[in-house]
Amino acid sequence: MILSLSSVPSSIMRLRRLTLSFLLGTSFTASGQAFSSSPSQWRKPQITVSPEQRISLAANAIQETMNIFNQTSGQFNVDGNYVYSGVFYGQMADFDLATNGTRFKDLLMTYFLKAEALNPGFLAEFVSRLRSLASSPTYRFFFRTICLRQLQFGVMYGWAAVRAYSAYHESAFLGFAERSWGSMRLYTLSNNDVAAGKSPRKSVQVLKDCSGASLSGGTFYIRDDKSSTLSGLPTGLFLT
Ligand SMILES: *[C@@H]1O[C@H](CO)[C@@H](O)[C@H](O)[C@H]1NC(C)=O
Ligand SMILES: *[C@@H]1O[C@H](CO)[C@@H](O)[C@H](O)[C@H]1NC(C)=O
């Protein structure tokens, strides 16, 4: 996720602290699985930070992120924030999964409900606005506002909900995950779609293969019914 975050130029500055928190949270997840042992092929397999210290580091990272999180909306107050909040939910669930606790359970239930109310089925196209900085007429060309859209980010909620279901074994979380994947499934090509050369979601023809490889299982880049572009990012996220 760090790569996706840093590929959004307009939000980088505001998200620097957030990314840092995710880094800590992510490294904690790796360590959390290794409270007893760590894989010997790691460059430094000896973990000298005690489990208590690691838990404290992760809890602090989540708290730090919570300080810039809008707890009323359950979202971050940044353009195109929907994906980041989903990632954050997953980090909170991971914390409880690693510590066998329920610290974030009730909060997460509230947040998932709010996130789903915001975008039914967690289906959202990421929108990031890039604005020009210059004001000289010479650079008028650069005054445009560019919107970036990508379909895959709502599925982060599916990933996060599965983490939460693993941590709490509560069926509501499984329901969130199923609805998120159901949304992405609508935009993923089935064998039948590929054979028919069309998708119920698209008005354009769907190619059968790309350089000899079947397009079955590919997920569309955006919702626009005239766009037939498939993208590796949503495809990979959907599959995992
Ligand atoms: C937090 O979200 C609520 C509900 O969407 C909104 O009314 C409020 O303005 C937000 N707070 C900030 C600081 O943006
Ligand atoms: C996890 O927590 C539950 C409930 O508190 C407890 O019954 C269980 O033994 C714990 N599991 C581990 C591995 O600590």
# chains A, B, ... in the order shown; residues from 1 in each chain; ligands from 1

$ closest_atom_pairs --of "chain A" --to "ligand 1" --cutoff "12 Å" --atoms "only C-alpha atoms and all ligand atoms" --output "CSV"
residue,atom,partner,partner_atom_place_in_ligand_line,distance
A:Asn67,CA,ligand 1,13 (C),10.8
A:Ile68,CA,ligand 1,13 (C),8.9
A:Phe69,CA,ligand 1,1 (C),8.5
A:Asn70,CA,ligand 1,1 (C),4.9
A:Gln71,CA,ligand 1,1 (C),6.9
A:Thr72,CA,ligand 1,2 (O),5.0
A:Ser73,CA,ligand 1,2 (O),4.4
A:Gly74,CA,ligand 1,2 (O),7.6
A:Gln75,CA,ligand 1,2 (O),7.5
A:Phe76,CA,ligand 1,1 (C),8.2
A:Asn77,CA,ligand 1,14 (O),5.6
A:Val78,CA,ligand 1,14 (O),8.9
A:Asp79,CA,ligand 1,14 (O),11.5
A:Lys114,CA,ligand 1,5 (O),9.8
A:Ala115,CA,ligand 1,5 (O),10.9
A:Ala117,CA,ligand 1,5 (O),11.7
A:Leu118,CA,ligand 1,5 (O),9.7

$ residues_near_ligand --ligand "ligand 2" --cutoff "10 Å" --atoms "only C-alpha atoms and all ligand atoms" --output "ChimeraX atom specification"
/A:96-102,167-168

$ residues_around --residues "region 169-174 of chain A" --least-positions-apart "2" --cutoff "10 Å" --atoms "only C-alpha atoms" --output "PyMOL selection string"
chain A and resi 105+108-109+112-113+158+160-167+176-180

$ closest_residue --among "A:Tyr111, A:Phe88, A:Tyr82, A:Tyr157" --to "Met66 (chain A)" --atoms "only C-alpha atoms"
A:Phe88

$ closest_residue --among "A:Val87, A:Leu186, A:Leu107, A:Met92" --to "Ala58 (chain A)" --atoms "only C-alpha atoms"
A:Met92

$ atom_distance --atom1 "CA of Met156 (chain A)" --atom2 "CA of Gln53 (chain A)"
28.4 Å

$ select_by_dssp --residues "region 30-100 of chain A" --states "helix (DSSP H, G or I)" --output "number ranges by chain"
A: 30-32, 51-66, 82-99
